[in-house]
>>> print(open('work-v7.txt').read())   # compact mmCIF, C-alpha atoms
# COMPACT_ATOMS: atom_id res chain seq x y z
CA MET G 1 58.34 56.88 118.71
CA TYR G 2 60.21 57.33 115.44
CA PHE G 3 60.12 55.94 111.92
CA VAL G 4 63.49 55.15 110.35
CA THR G 5 63.83 55.42 106.59
CA GLY G 6 66.82 55.59 104.31
CA THR G 7 68.13 57.05 101.09
CA ASP G 8 68.05 53.63 99.41
CA THR G 9 67.84 49.91 100.05
CA ASP G 10 71.47 49.35 101.11
CA CYS G 11 72.06 52.45 103.21
CA GLY G 12 72.18 50.57 106.52
CA LYS G 13 68.74 51.30 108.01
CA THR G 14 68.70 48.20 110.18
CA PHE G 15 72.31 48.63 111.31
CA ILE G 16 71.69 52.21 112.40
CA SER G 17 68.26 51.42 113.89
CA ALA G 18 69.83 48.69 116.02
CA ALA G 19 72.65 51.04 117.02
CA LEU G 20 70.14 53.72 118.08
CA LEU G 21 68.34 51.15 120.23
CA ASN G 22 71.64 49.96 121.67
CA ARG G 23 72.62 53.52 122.59
CA ALA G 24 69.29 54.10 124.33
CA LYS G 25 69.49 50.77 126.12
CA LYS G 26 72.91 51.69 127.53
CA GLN G 27 71.36 54.89 128.85
CA GLY G 28 68.83 52.84 130.77
CA ARG G 29 65.85 53.45 128.50
CA ALA G 30 63.31 50.83 127.50
CA THR G 31 63.67 50.05 123.80
CA LEU G 32 61.53 48.49 121.11
CA GLY G 33 62.30 47.92 117.44
CA LEU G 34 59.60 47.01 114.90
CA LYS G 35 59.85 45.92 111.26
CA PRO G 36 56.31 45.96 109.82
CA ILE G 37 57.24 44.57 106.39
CA ALA G 38 60.21 42.39 105.47
CA SER G 39 61.19 40.52 102.32
CA GLY G 40 64.02 38.03 102.06
CA CYS G 41 63.01 35.89 105.03
CA GLU G 42 64.32 32.46 105.92
CA LYS G 43 62.15 29.43 106.57
CA THR G 44 62.59 28.04 110.08
CA GLU G 45 60.74 25.52 112.21
CA ASN G 46 58.98 28.50 113.82
CA GLY G 47 58.00 30.12 110.52
CA LEU G 48 59.57 32.82 108.38
CA ARG G 49 62.27 34.87 110.06
CA ASN G 50 63.97 38.03 108.83
CA SER G 51 67.51 38.94 109.87
CA ASP G 52 66.66 42.65 110.10
CA ALA G 53 63.76 42.03 112.46
CA LEU G 54 65.89 39.68 114.58
CA SER G 55 68.60 42.34 114.81
CA LEU G 56 66.08 44.85 116.12
CA MET G 57 64.75 42.31 118.61
CA SER G 58 68.28 41.72 119.91
CA GLN G 59 68.46 45.39 120.95
CA SER G 60 64.92 45.65 122.35
CA THR G 61 64.42 45.48 126.09
CA ILE G 62 60.66 45.07 125.55
CA GLU G 63 60.10 41.46 124.55
CA LEU G 64 57.38 40.68 122.03
CA ASP G 65 56.52 37.67 119.91
CA TYR G 66 58.20 37.69 116.51
CA ALA G 67 54.86 38.15 114.72
CA ALA G 68 54.28 41.38 116.65
CA VAL G 69 57.68 42.76 115.63
CA ASN G 70 57.46 41.65 111.99
CA PRO G 71 53.78 41.09 111.14
CA VAL G 72 54.29 40.87 107.35
CA SER G 73 57.09 38.66 106.08
CA PHE G 74 57.88 37.28 102.64
CA GLU G 75 60.41 34.61 101.77
CA PRO G 76 61.67 35.91 98.40
CA ALA G 77 63.95 38.95 98.43
CA ILE G 78 61.74 40.94 96.06
CA ALA G 79 59.64 44.09 96.25
CA PRO G 80 56.99 43.55 98.96
CA HIS G 81 54.06 44.55 96.73
CA ILE G 82 55.08 41.90 94.19
CA ALA G 83 55.47 39.27 96.90
CA ALA G 84 52.10 40.30 98.35
CA SER G 85 50.46 39.94 94.95
CA GLN G 86 51.94 36.46 94.52
CA THR G 87 50.79 35.29 97.96
CA GLY G 88 47.46 37.14 98.22
CA ILE G 89 48.48 39.01 101.37
CA ASP G 90 46.97 42.44 101.98
CA ILE G 91 49.63 45.09 102.60
CA SER G 92 47.46 48.16 102.13
CA PRO G 93 48.21 51.06 104.50
CA GLU G 94 45.08 50.19 106.48
CA SER G 95 46.16 46.58 106.97
CA ILE G 96 49.64 47.63 108.11
CA LEU G 97 48.15 50.09 110.60
CA ASN G 98 45.78 47.43 111.91
CA ARG G 99 48.68 45.03 112.43
CA LEU G 100 50.64 47.67 114.34
CA SER G 101 47.81 49.12 116.38
CA GLY G 102 47.91 46.62 119.23
CA VAL G 103 51.66 47.00 119.68
CA LEU G 104 51.72 50.80 119.46
CA GLU G 105 48.71 51.50 121.65
CA GLY G 106 49.67 52.96 125.00
CA ARG G 107 53.41 53.12 124.38
CA ASP G 108 55.28 55.10 127.04
CA ASP G 109 57.01 58.28 125.89
CA SER G 110 60.07 57.32 127.95
CA GLU G 111 60.68 54.34 125.65
CA LEU G 112 62.64 54.59 122.45
CA CYS G 113 60.37 52.87 119.94
CA ILE G 114 61.71 52.62 116.40
CA ILE G 115 59.67 51.49 113.42
CA GLU G 116 62.00 50.59 110.59
CA GLY G 117 60.78 50.87 107.04
CA ALA G 118 61.73 48.80 104.03
CA GLY G 119 63.54 50.15 101.00
CA GLY G 120 63.29 53.94 100.73
CA TRP G 121 60.65 56.50 101.61
CA ARG G 122 58.38 55.69 98.67
CA LEU G 123 58.25 51.94 99.15
CA THR G 124 55.24 50.93 97.08
CA LEU G 125 52.50 48.83 98.62
CA GLY G 126 50.70 48.39 95.31
CA GLU G 127 47.57 49.98 93.85
CA GLY G 128 49.13 53.44 94.08
CA HIS G 129 49.83 53.30 97.82
CA PHE G 130 53.11 53.72 99.70
CA LEU G 131 54.48 52.83 103.12
CA SER G 132 54.93 56.57 103.70
CA GLU G 133 51.13 56.79 104.03
CA VAL G 134 51.37 54.62 107.15
CA VAL G 135 53.86 57.07 108.66
CA GLN G 136 51.56 59.96 107.81
CA GLN G 137 48.68 58.24 109.58
CA LEU G 138 50.84 57.57 112.63
CA SER G 139 52.15 61.16 112.48
CA VAL G 140 55.53 60.25 113.94
CA PRO G 141 58.83 62.05 113.33
CA VAL G 142 61.29 60.49 110.90
CA ILE G 143 64.96 59.60 111.25
CA LEU G 144 66.76 59.50 107.91
CA VAL G 145 69.74 57.21 107.36
CA VAL G 146 71.98 58.58 104.63
CA GLY G 147 74.13 55.92 103.03
CA VAL G 148 77.25 57.95 102.29
CA LYS G 149 78.59 57.13 98.84
CA LEU G 150 78.71 58.76 95.43
CA GLY G 151 75.29 60.30 94.74
CA CYS G 152 74.17 60.45 98.36
CA LEU G 153 73.62 64.22 98.38
CA ASN G 154 70.96 63.97 95.70
CA HIS G 155 69.32 60.99 97.40
CA ALA G 156 69.34 62.70 100.79
CA VAL G 157 67.85 65.98 99.57
CA LEU G 158 65.16 64.30 97.47
CA THR G 159 64.16 62.06 100.38
CA GLN G 160 64.09 65.00 102.76
CA GLU G 161 61.90 66.97 100.36
CA ALA G 162 59.46 64.05 100.05
CA ILE G 163 59.23 63.57 103.83
CA GLU G 164 58.59 67.26 104.46
CA ALA G 165 56.12 67.46 101.56
CA ASP G 166 54.16 64.72 103.33
CA GLY G 167 53.86 67.02 106.34
CA LEU G 168 56.26 65.11 108.56
CA LYS G 169 59.17 66.30 110.65
CA ILE G 170 62.71 64.98 110.32
CA ALA G 171 63.85 64.39 113.90
CA GLY G 172 67.41 63.82 112.75
CA TRP G 173 69.65 62.11 110.27
CA VAL G 174 72.61 59.76 110.46
CA ALA G 175 75.47 59.64 107.99
CA ASN G 176 76.40 55.98 107.55
CA ILE G 177 79.55 55.67 105.47
CA VAL G 178 78.74 52.59 103.41
CA ASP G 179 81.53 53.19 100.90
CA GLY G 180 84.85 53.52 102.67
CA ASP G 181 86.46 54.77 99.45
CA THR G 182 84.11 57.74 99.05
CA ARG G 183 86.13 60.58 97.58
CA CYS G 184 86.05 64.03 99.20
CA LEU G 185 84.36 62.50 102.24
CA GLU G 186 84.71 65.51 104.53
CA GLU G 187 83.39 67.83 101.84
CA ASN G 188 80.38 65.56 101.30
CA LEU G 189 79.67 65.46 105.03
CA ALA G 190 79.93 69.25 105.21
CA SER G 191 77.47 69.50 102.32
CA LEU G 192 75.03 67.24 104.13
CA GLN G 193 75.30 69.39 107.25
CA SER G 194 74.31 72.44 105.22
CA LEU G 195 71.57 70.74 103.20
CA MET G 196 69.71 68.75 105.85
CA SER G 197 67.02 70.40 107.98
CA GLY G 198 67.19 68.19 111.07
CA PRO G 199 70.09 67.65 113.47
CA CYS G 200 72.86 65.18 112.69
CA LEU G 201 72.61 62.30 115.15
CA GLY G 202 76.02 60.98 114.21
CA VAL G 203 78.51 60.00 111.55
CA VAL G 204 79.19 56.27 111.58
CA PRO G 205 82.46 55.36 109.83
CA HIS G 206 82.88 52.47 107.44
CA LEU G 207 83.09 49.50 109.80
CA GLN G 208 84.47 46.20 108.59
CA ASP G 209 82.91 44.16 111.41
CA LEU G 210 79.53 45.97 111.41
CA SER G 211 79.48 45.97 115.20
CA ILE G 212 76.24 47.48 116.52
CA GLU G 213 77.92 48.48 119.78
CA THR G 214 80.76 50.19 117.94
CA ALA G 215 78.33 52.09 115.73
CA ALA G 216 76.28 53.13 118.77
CA ALA G 217 79.29 54.93 120.19
CA TYR G 218 79.19 57.37 117.26
CA LEU G 219 75.55 58.34 117.85
CA ASP G 220 74.09 61.15 119.93
CA ILE G 221 70.45 60.55 120.80
CA ASP G 222 69.97 63.29 123.41
CA SER G 223 67.66 65.18 121.03
CA LEU G 224 65.46 62.09 120.80
CA ILE G 225 64.76 62.02 124.53
>>> encode(input="work-v7.txt", output="structure tokens")
Amino acid sequence: MYFVTGTDTDCGKTFISAALLNRAKKQGRATLGLKPIASGCEKTENGLRNSDALSLMSQSTIELDYAAVNPVSFEPAIAPHIAASQTGIDISPESILNRLSGVLEGRDDSELCIIEGAGGWRLTLGEGHFLSEVVQQLSVPVILVVGVKLGCLNHAVLTQEAIEADGLKIAGWVANIVDGDTRCLEENLASLQSLMSGPCLGVVPHLQDLSIETAAAYLDIDSLI
């Protein structure tokens, strides 16, 4: 079981999470992707639906009801703690853990279970709490998605420092090239290799079609098995 976080909101957490699940699925492993909190959901006849959660479900071999995959959903694309305040929904760390407990209980170690966060590592839940506290309680290793663009080295190192300061292990990191025009790309990738503490699980190039299967081909998940 792993928690996926990113250097910022648009670093490609869902894209890489889905690609990791796809890679594991092709290797014959059972897969499960979860999105505990999601903003920017669409109203449907079946209730609110989030595109990130649906993407994870499309790569999960373990089928669950949507509410189990994405237990907290908000329609407006705003910070979850603001949406929660407006709707009166409890998103304290305890409530998130309670919502996940039934799904996570008794998970098989042979499965690749990915819990995708929202925003960055210090996503606020309001009242001084953060989603990172949920990860601490679960005590699961973290996969960091680095959105490669100008400024990513600072973002990556600061996020790594925060994760490790919280007593958690970085199981690996993925360089996702979100800006195809990034200058000195190879030099930046070399810097990441020297600065990051965990293994690099892959470098995903800037893809115009955002194909999950194509991205999966650039990932190496052997260390996650």
>>> atom_distance(input="work-v7.txt", atom1="CA of Lys26 (chain G)", atom2="CA of Met57 (chain G)")
15.3 Å
>>> closest_residue(input="work-v7.txt", among="G:Ile114, G:Ile16, G:Cys11, G:Ile37", to="Lys149 (chain G)", atoms="all atoms listed in the file")
G:Cys11
>>> closest_residue(input="work-v7.txt", among="G:Gly172, G:Gly128, G:Gly28, G:Gly102", to="Pro71 (chain G)", atoms="all atoms listed in the file")
G:Gly102
>>> closest_atom_pairs(input="work-v7.txt", of="region 104-149 of chain G", to="region 159-168 of chain G", cutoff="10 Å", atoms="only C-alpha atoms", output="tab-separated table")
residue	atom	partner	partner_atom	distance
G:Gly120	CA	G:Thr159	CA	8.2
G:Trp121	CA	G:Thr159	CA	6.7
G:Arg122	CA	G:Ala162	CA	8.5
G:Ser132	CA	G:Asp166	CA	8.2
G:Glu133	CA	G:Asp166	CA	8.5
G:Val135	CA	G:Leu168	CA	8.4
G:Gln136	CA	G:Leu168	CA	7.0
G:Ser139	CA	G:Leu168	CA	6.9
G:Val140	CA	G:Leu168	CA	7.3
G:Pro141	CA	G:Leu168	CA	6.2
G:Val142	CA	G:Leu168	CA	7.2
G:Leu144	CA	G:Gln160	CA	8.0
G:Val146	CA	G:Thr159	CA	9.6
>>> residues_around(input="work-v7.txt", residues="Asp222 (chain G)", least_positions_apart="5", cutoff="12 Å", atoms="only C-alpha atoms", output="PyMOL selection string")
chain G and resi 20+23-24+27+29+112+171-172+199-202
>>> atom_distance(input="work-v7.txt", atom1="CA of Leu138 (chain G)", atom2="CA of Asp8 (chain G)")
22.1 Å
>>> atom_distance(input="work-v7.txt", atom1="CA of Ser39 (chain G)", atom2="CA of Glu75 (chain G)")
6.0 Å
>>> residues_around(input="work-v7.txt", residues="Ala217 (chain G)", least_positions_apart="5", cutoff="9 Å", atoms="only C-alpha atoms", output="list in words")
Ala19, Arg23, Val204 and Ile212 of chain G
>>> closest_residue(input="work-v7.txt", among="G:Phe15, G:Phe130, G:Tyr66, G:Phe74", to="Cys41 (chain G)", atoms="all atoms listed in the file")
G:Phe74
>>> closest_residue(input="work-v7.txt", among="G:Ala216, G:Asn154, G:Gly106, G:Lys169", to="Ser191 (chain G)", atoms="all atoms listed in the file")
G:Asn154
>>> closest_residue(input="work-v7.txt", among="G:Ser101, G:Gln137, G:Asn188, G:Thr61", to="Ala18 (chain G)", atoms="all atoms listed in the file")
G:Thr61
>>> residues_around(input="work-v7.txt", residues="region 88-94 of chain G", least_positions_apart="5", cutoff="7 Å", atoms="all atoms listed in the file", output="JSON, numbers by chain")
{"G": [125, 131, 133, 134]}
>>> residues_around(input="work-v7.txt", residues="Gln86 (chain G)", least_positions_apart="5", cutoff="12 Å", atoms="only C-alpha atoms", output="JSON, numbers by chain")
{"G": [74, 75, 76, 78, 79, 80, 81]}
>>> write_last_selection(input="work-v7.txt", atoms="C-alpha atoms", output="PDB file, keeping the file's coordinate frame")
ATOM      1  CA  PHE G  74      57.880  37.280 102.640  1.00  0.00           C
ATOM      2  CA  GLU G  75      60.410  34.610 101.770  1.00  0.00           C
ATOM      3  CA  PRO G  76      61.670  35.910  98.400  1.00  0.00           C
ATOM      4  CA  ILE G  78      61.740  40.940  96.060  1.00  0.00           C
ATOM      5  CA  ALA G  79      59.640  44.090  96.250  1.00  0.00           C
ATOM      6  CA  PRO G  80      56.990  43.550  98.960  1.00  0.00           C
ATOM      7  CA  HIS G  81      54.060  44.550  96.730  1.00  0.00           C
TER       8      HIS G  81
END
>>> axis_aligned_box(input="work-v7.txt", around="region 58-75 of chain G", padding_each_side="5 Å", output="AutoDock Vina command-line options")
--center_x 61.1 --center_y 40.1 --center_z 113.9 --size_x 24.7 --size_y 21.0 --size_z 34.3
>>> residues_around(input="work-v7.txt", residues="Leu192 (chain G)", least_positions_apart="3", cutoff="9 Å", atoms="all atoms listed in the file", output="PyMOL selection string")
chain G and resi 152-153+156-157+175+187-189+195-196
>>> closest_residue(input="work-v7.txt", among="G:Glu111, G:Glu127, G:Glu186, G:Asp179", to="Ser60 (chain G)", atoms="all atoms listed in the file")
G:Glu111
